[in-house]
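Engineer: protein.txt is the file, holding compact mmCIF, C-alpha atoms:
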```
# COMPACT_ATOMS: atom_id res chain seq x y z
CA MET A 1 112.54 -39.82 130.94
CA SER A 2 115.79 -39.12 132.78
CA ILE A 3 118.19 -41.16 130.61
CA LEU A 4 118.75 -40.99 126.86
CA ALA A 5 120.51 -44.05 125.41
CA LYS A 6 121.71 -44.63 121.85
CA ILE A 7 124.01 -47.10 120.12
CA PHE A 8 125.84 -46.52 116.85
CA PRO A 9 126.29 -50.03 115.37
CA LEU A 10 128.89 -49.21 112.72
CA ASN A 11 130.14 -52.72 112.03
CA GLU A 12 127.88 -54.31 109.42
CA ASP A 13 128.50 -57.85 110.72
CA GLY A 14 126.77 -58.05 114.06
CA ALA A 15 125.15 -54.59 113.95
CA SER A 16 121.66 -55.99 114.57
CA ASP A 17 122.87 -58.30 117.37
CA ASN A 18 124.56 -55.45 119.21
CA TYR A 19 121.60 -53.11 118.78
CA GLU A 20 119.09 -55.68 120.06
CA LYS A 21 121.18 -56.53 123.14
CA PHE A 22 121.84 -52.86 123.90
CA LYS A 23 118.11 -52.11 123.58
CA ALA A 24 117.13 -55.14 125.67
CA PHE A 25 119.37 -54.02 128.53
CA TRP A 26 118.75 -50.29 128.69
CA SER A 27 115.00 -50.56 128.08
CA GLN A 28 114.85 -52.37 131.45
CA VAL A 29 116.31 -49.33 133.22
CA GLU A 30 113.63 -47.10 134.74
CA GLY A 31 113.27 -43.74 133.03
CA CYS A 32 115.50 -44.68 130.09
CA GLU A 33 114.58 -43.77 126.53
CA VAL A 34 116.42 -45.94 123.99
CA GLU A 35 116.74 -44.42 120.53
CA LYS A 36 115.14 -46.87 118.09
CA ILE A 37 116.82 -48.02 114.88
CA CYS A 38 115.02 -49.83 112.04
CA MET A 39 117.69 -52.45 111.44
CA LYS A 40 115.93 -53.76 108.33
CA ASN A 41 116.76 -50.53 106.51
CA TYR A 42 119.86 -49.61 108.48
CA SER A 43 123.25 -48.86 106.97
CA PRO A 44 126.26 -47.32 108.74
CA PRO A 45 127.27 -43.71 107.98
CA ARG A 46 128.76 -43.47 104.47
CA ILE A 47 131.42 -40.94 105.43
CA GLU A 48 132.99 -39.65 108.63
CA LYS A 49 131.04 -36.37 108.37
CA ASP A 50 127.74 -38.26 108.43
CA PHE A 51 128.79 -39.95 111.68
CA GLU A 52 129.84 -36.60 113.13
CA ASN A 53 126.46 -35.10 112.19
CA GLN A 54 124.67 -37.98 113.93
CA LEU A 55 126.71 -37.37 117.08
CA GLU A 56 125.82 -33.67 117.00
CA SER A 57 122.13 -34.50 116.53
CA LEU A 58 122.23 -36.74 119.60
CA ARG A 59 123.88 -34.01 121.65
CA GLU A 60 121.26 -31.48 120.54
CA LYS A 61 118.43 -33.84 121.48
CA PHE A 62 119.99 -34.51 124.88
CA GLU A 63 120.41 -30.81 125.67
CA GLU A 64 117.04 -29.71 124.29
CA GLY A 65 114.61 -28.92 127.08
CA LYS A 66 117.03 -30.20 129.76
CA LYS A 67 114.76 -33.19 130.44
CA TYR A 68 117.52 -35.81 130.60
CA LYS A 69 119.82 -36.39 133.56
CA TYR A 70 122.20 -38.95 132.02
CA LEU A 71 123.40 -39.80 128.52
CA VAL A 72 124.38 -43.32 127.40
CA LEU A 73 126.25 -43.47 124.10
CA ALA A 74 127.54 -46.78 122.72
CA VAL A 75 129.53 -47.60 119.58
CA SER A 76 130.06 -51.09 118.18
CA SER A 77 132.64 -51.16 115.44
CA HIS A 78 136.11 -52.18 114.43
CA GLY A 79 138.93 -50.19 116.02
CA ILE A 80 142.66 -49.76 116.27
CA GLU A 81 145.20 -47.93 118.39
CA LYS A 82 148.29 -46.27 116.97
CA ASP A 83 151.51 -45.41 118.77
CA THR A 84 152.10 -42.37 116.60
CA ASP A 85 155.53 -41.15 117.57
CA GLY A 86 156.51 -43.02 120.68
CA LYS A 87 154.97 -40.23 122.75
CA ASP A 88 151.27 -40.49 122.11
CA VAL A 89 148.69 -43.20 121.42
CA THR A 90 145.59 -42.55 119.31
CA PHE A 91 142.46 -44.70 119.36
CA GLU A 92 140.32 -44.78 116.21
CA ILE A 93 136.87 -46.14 115.41
CA VAL A 94 137.05 -48.00 112.07
CA TRP A 95 134.19 -49.04 109.79
CA GLY A 96 133.12 -49.39 106.16
CA LYS A 97 133.31 -52.19 103.61
CA ASP A 98 137.02 -51.55 103.07
CA LEU A 99 137.58 -50.38 106.67
CA ASP A 100 138.44 -46.97 105.26
CA LYS A 101 136.25 -44.84 107.53
CA ARG A 102 138.01 -43.64 110.68
CA TYR A 103 137.03 -41.38 113.56
CA LYS A 104 139.11 -40.73 116.66
CA VAL A 105 137.51 -41.67 119.98
CA ASN A 106 138.88 -38.46 121.49
CA GLU A 107 137.02 -36.45 118.83
CA LEU A 108 133.79 -38.25 119.69
CA LEU A 109 134.23 -37.41 123.38
CA GLU A 110 135.09 -33.80 122.54
CA LYS A 111 131.64 -33.44 120.98
CA PHE A 112 130.15 -33.89 124.45
CA LYS A 113 132.76 -32.04 126.47
CA GLU A 114 130.50 -29.05 127.15
CA VAL A 115 127.56 -31.23 128.22
CA LYS A 116 127.45 -30.73 131.99
CA GLU A 117 125.33 -33.80 132.81
CA GLN A 118 126.95 -37.15 133.66
CA LYS A 119 127.68 -39.31 130.61
CA ILE A 120 128.24 -43.03 129.98
CA PHE A 121 130.21 -44.13 126.90
CA ILE A 122 130.49 -47.79 125.87
CA MET A 123 133.03 -48.74 123.18
CA GLN A 124 132.75 -52.30 121.79
CA MET A 125 135.74 -52.46 119.44
CA CYS A 126 139.31 -53.68 119.08
CA ARG A 127 142.18 -51.69 120.57
CA ASN A 128 145.10 -53.72 119.20
CA ARG A 129 148.07 -52.10 117.51
CA SER A 130 149.38 -53.14 114.13
CA ASP A 131 153.02 -52.38 114.87
CA LYS A 132 155.59 -54.44 116.78
CA THR A 133 155.37 -52.32 119.93
CA THR A 134 152.26 -54.16 121.10
CA VAL A 135 152.52 -56.47 124.12
CA THR A 136 152.13 -59.61 122.03
CA LEU A 137 154.00 -61.09 119.13
CA LEU A 138 153.88 -59.08 115.86
CA GLY A 139 150.89 -57.09 117.03
CA LYS A 140 148.75 -60.21 117.31
CA ASP A 141 147.03 -60.07 120.67
CA GLN A 142 145.33 -63.28 121.80
CA GLY A 143 143.47 -62.01 124.87
CA VAL A 144 144.15 -60.63 128.30
CA MET A 145 146.93 -62.60 129.97
CA HIS A 146 145.04 -63.68 133.04
CA HIS A 147 144.91 -67.41 133.57
CA SER A 148 141.56 -69.15 133.70
CA MET A 149 140.76 -72.85 134.11
CA THR A 150 137.45 -72.58 132.24
CA GLU A 151 137.23 -74.36 128.90
CA PRO A 152 136.11 -72.22 125.93
CA ASN A 153 132.59 -73.12 124.90
CA LEU A 154 131.53 -70.37 122.50
CA PRO A 155 132.56 -69.67 118.90
CA ILE A 156 134.11 -66.20 118.73
CA HIS A 157 135.60 -63.90 116.17
CA ALA A 158 138.34 -61.34 116.75
CA PRO A 159 139.11 -59.08 113.79
CA ALA A 160 142.55 -57.46 113.76
CA ILE A 161 142.73 -54.23 111.78
CA GLY A 162 146.06 -53.74 110.04
CA ASN A 163 147.11 -57.39 110.30
CA GLU A 164 146.79 -60.03 107.62
CA PRO A 165 145.32 -63.26 109.06
CA THR A 166 147.89 -65.95 109.82
CA PRO A 167 147.61 -69.52 111.15
CA ASP A 168 148.20 -68.04 114.60
CA GLU A 169 145.28 -65.61 114.38
CA LEU A 170 142.91 -66.04 117.31
CA THR A 171 140.17 -68.57 116.69
CA ALA A 172 138.23 -70.69 119.15
CA GLY A 173 135.27 -73.02 119.51
CA ALA A 174 133.88 -73.92 116.10
CA HIS A 175 136.76 -72.13 114.40
CA GLY A 176 139.45 -74.36 115.96
CA LYS A 177 141.99 -73.54 118.66
CA SER A 178 144.88 -71.14 118.28
CA ARG A 179 148.37 -72.60 118.11
CA SER A 180 150.09 -69.58 119.59
CA THR A 181 149.53 -70.08 123.33
CA GLU A 182 153.08 -71.34 123.81
CA ALA A 183 154.47 -68.31 122.03
CA LEU A 184 152.34 -66.00 124.16
CA ASN A 185 153.64 -67.44 127.40
CA SER A 186 157.22 -66.72 126.34
CA ILE A 187 156.63 -63.05 125.44
CA ALA A 188 157.78 -60.49 127.99
CA TRP A 189 155.89 -57.27 128.59
CA PRO A 190 157.74 -54.21 127.28
CA LYS A 191 159.52 -51.94 129.77
CA THR A 192 157.27 -49.04 128.80
CA TRP A 193 153.73 -49.43 127.56
CA LYS A 194 151.84 -46.26 126.64
CA LEU A 195 148.09 -46.52 127.16
CA ALA A 196 145.25 -44.79 125.35
CA GLN A 197 142.83 -43.63 128.07
CA PRO A 198 140.24 -41.37 126.39
CA CYS A 199 137.91 -39.65 128.84
CA ILE A 200 136.29 -36.27 129.55
CA ARG A 201 134.95 -34.64 132.67
CA ASP A 202 131.65 -35.91 134.08
CA SER A 203 131.87 -39.18 132.20
CA ILE A 204 132.72 -42.84 132.45
CA VAL A 205 134.05 -44.70 129.41
CA MET A 206 133.88 -48.48 129.14
CA PHE A 207 135.96 -50.36 126.58
CA SER A 208 135.49 -53.98 125.50
CA SER A 209 139.23 -54.62 126.02
CA PRO A 210 142.21 -52.94 127.68
CA SER A 211 144.43 -50.57 125.72
CA GLY A 212 146.47 -52.49 123.13
CA TYR A 213 144.25 -55.59 123.00
CA LEU A 214 141.78 -57.13 120.59
CA SER A 215 138.07 -57.24 121.33
CA TYR A 216 135.69 -60.10 120.71
CA HIS A 217 132.15 -60.87 119.61
CA ASN A 218 130.16 -64.08 119.19
CA LEU A 219 129.04 -65.12 115.71
CA ASN A 220 126.00 -67.02 114.41
CA MET A 221 124.56 -68.17 117.69
CA GLU A 222 121.89 -67.34 120.27
CA ASP A 223 124.34 -65.21 122.25
CA ALA A 224 125.62 -63.38 119.16
CA GLY A 225 127.04 -59.92 119.76
CA GLY A 226 129.91 -58.04 121.36
CA TRP A 227 131.03 -59.45 124.69
CA ILE A 228 130.05 -56.29 126.60
CA PHE A 229 126.46 -56.40 125.32
CA VAL A 230 126.17 -60.19 125.70
CA SER A 231 127.41 -59.92 129.30
CA MET A 232 125.00 -57.07 130.09
CA GLU A 233 122.07 -59.08 128.81
CA LYS A 234 123.13 -62.09 130.90
CA LEU A 235 122.96 -59.88 134.02
CA LEU A 236 119.41 -58.64 133.45
CA LYS A 237 117.65 -61.40 135.40
CA SER A 238 119.73 -60.76 138.52
CA LEU A 239 119.24 -56.99 138.29
CA LYS A 240 115.43 -56.90 138.34
CA GLY A 241 114.23 -54.27 140.79
CA GLU A 242 117.80 -53.43 141.84
CA LYS A 243 119.27 -49.96 142.26
CA ILE A 244 122.96 -49.88 141.37
CA SER A 245 125.89 -47.56 140.72
CA VAL A 246 127.12 -47.63 137.13
CA ILE A 247 130.64 -48.27 138.43
CA ASP A 248 129.41 -51.38 140.27
CA LEU A 249 127.47 -52.35 137.14
CA PHE A 250 130.60 -52.25 135.00
CA LEU A 251 132.46 -54.33 137.57
CA MET A 252 129.68 -56.91 137.34
CA VAL A 253 129.90 -56.88 133.53
CA ASN A 254 133.65 -57.48 133.73
CA GLN A 255 133.13 -60.33 136.19
CA LYS A 256 130.52 -61.89 133.90
CA MET A 257 132.90 -61.61 130.93
CA SER A 258 135.67 -63.33 132.87
CA GLU A 259 133.33 -66.15 133.94
CA THR A 260 131.79 -66.70 130.52
CA PHE A 261 134.47 -66.17 127.91
CA THR A 262 137.86 -67.82 127.66
CA ILE A 263 140.50 -67.86 124.95
CA ASN A 264 142.91 -70.69 124.19
CA ASP A 265 141.93 -72.47 127.45
CA LYS A 266 144.10 -70.18 129.58
CA PHE A 267 143.15 -66.55 128.91
CA ILE A 268 140.02 -64.55 129.59
CA GLY A 269 138.40 -61.63 127.82
CA LEU A 270 138.15 -58.53 129.99
CA SER A 271 136.74 -55.06 129.50
CA SER A 272 138.25 -51.95 131.04
CA PHE A 273 136.91 -48.56 132.03
CA ASN A 274 138.05 -45.22 133.36
CA HIS A 275 136.08 -42.22 134.55
CA MET A 276 136.14 -38.56 135.50
CA LEU A 277 132.72 -38.55 137.17
CA THR A 278 132.02 -35.80 139.66
CA GLN A 279 129.05 -37.68 141.13
CA ASP A 280 127.91 -41.25 141.09
CA ILE A 281 125.41 -42.43 138.47
CA ILE A 282 122.70 -44.55 140.08
CA ILE A 283 120.27 -46.48 137.88
CA LYS A 284 117.24 -48.58 138.87
CA PHE A 285 116.00 -51.61 136.99
CA LYS A 286 112.37 -52.49 136.39
CA ASN A 287 110.81 -55.45 138.20
```
Take the structure in this file and express it as structure tokens.

Structural biologist:
Amino acid sequence: MSILAKIFPLNEDGASDNYEKFKAFWSQVEGCEVEKICMKNYSPPRIEKDFENQLESLREKFEEGKKYKYLVLAVSSHGIEKDTDGKDVTFEIVWGKDLDKRYKVNELLEKFKEVKEQKIFIMQMCRNRSDKTTVTLLGKDQGVMHHSMTEPNLPIHAPAIGNEPTPDELTAGAHGKSRSTEALNSIAWPKTWKLAQPCIRDSIVMFSSPSGYLSYHNLNMEDAGGWIFVSMEKLLKSLKGEKISVIDLFLMVNQKMSETFTINDKFIGLSSFNHMLTQDIIIKFKN
């Protein structure tokens, strides 16, 4: 095996959906070992230290024997960004029944900073901000402001950490349409917008939304799961036998998201990624 892949499904709602879609995708990559999880008996880490220990165990397994060339680490969870002092933005993974467990994305990446091999990180979680400095009204982001003519056809759910639900909270499909589109169109972007761009050397990090925005996942349907994992699974048929750069792969995922998912008739969900790779990561799919 040349690739070790593992997902940490921290959000209890949708954990099994995200795990199954992650496993379905990466198990079709040649030479990829996907860490198995018994979802029937699974429960997220009880405390932050347990999560940290699991990260360290993964790093130890990856480095042991030097048999792996690439690492794929995914997290599906709730999340939030904080503009701490007007100078810095922090990005936190959030989970637990009361959403009281928090772990900084930068701290997760730091755990793998000394790993010399190329690394792929996938973060399926919200990145909205609960204060009024966000790009949309009262911290309530409704989706990336790129216009799309495609009608929404899937029920979605977008949790917003730090915000009490209001009538203008994003809902679509079976949940009804949002009434805040008009308000969104009248909101100007701020003059300065600080971005959280966590990354380390020899890695590429993919996020399910741009900095400052909510993320989305489908509920109670065949295509249930986070939009990144749903989009990856939709690409599998076209990738059979193909050899592809991970950067091109992530572009394809983003394109699939923009074609498949729309919000309030006019806006599309988009992922984002940044990297500090020192060489390309090429993966080959099984026939």

Engineer: Using only C-alpha atoms, which residues sit within 7 Å of range 28-39 of chain A once same-chain residues fewer than 5 positions away are excluded, as a PyMOL selection string?

Structural biologist: chain A and resi 1-6+16+23+283-286

Engineer: Please determine, counting all atoms listed in the file, which residue among A:Ile122, A:Leu71, A:Ala15, A:Ala24 has the shortest atom-to-atom distance to Leu235 in chain A.

Structural biologist: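 Under the stated criterion, the closest residue is A:Ala24.
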
Engineer: Please identify all polymer residues within 12 Å of Asp280 in chain A, counting only C-alpha atoms, omitting same-chain residues fewer than 3 positions from it, and present them as a PyMOL selection string.

Structural biologist: chain A and resi 70+117-120+202-204+244-249+275-277+283

Engineer: Taking into account all atoms listed in the file, which residue in the set A:Met125, A:Val115, A:Leu251, A:Met221 is nearest to Glu81 in chain A?

Structural biologist: A:Met125

Engineer: Taking only C-alpha atoms into account, name the residue in A:Phe91, A:Gly96, A:Ala74, A:Phe261 that is nearest to Arg46 in chain A.

Structural biologist: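 Of the candidates, the smallest distance to Arg46 in chain A is held by A:Gly96.
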
Engineer: Separation of CA of Glu63 in chain A and CA of Gln124 in chain A, in Å?

Structural biologist: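 One can read the CA of Glu63 in chain A to CA of Gln124 in chain A distance as 25.1 Å.
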
Engineer: Taking only C-alpha atoms into account, which of A:Val72, A:Leu236, A:Leu99, A:Leu108 comes nearest Gln54 in chain A?

Structural biologist: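 Nearest to Gln54 in chain A: A:Leu108.
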
Engineer: Neighbouring residues of range 256-260 of chain A were defined as those with any atom within 7 Å, considering all atoms listed in the file; residues of the same chain fewer than 4 positions away were excluded. Please report them as a list in words.

Structural biologist: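 With the cut-off at 7 Å, the set is Trp227, Ser231, Met252, Ile268, Gly269 and Leu270 of chain A.
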
Engineer: In terms of the shortest atom-to-atom distance over only C-alpha atoms, which of A:Ser272, A:Lys104, A:Phe25, A:Cys126 is closest to Lys240 in chain A?

Structural biologist: A:Phe25

Engineer: Counting only C-alpha atoms, figure out which residue out of A:Lys40, A:Lys69, A:Lys49, A:Lys21 gets nearest to Lys116 in chain A.

Structural biologist: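 For Lys116 in chain A, the nearest of the given residues is A:Lys69.
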
Engineer: Which distance in Å separates CA of Leu58 in chain A and CA of Tyr216 in chain A, to one decimal?

Structural biologist: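 Separating CA of Leu58 in chain A from CA of Tyr216 in chain A is a distance of 27.0 Å.
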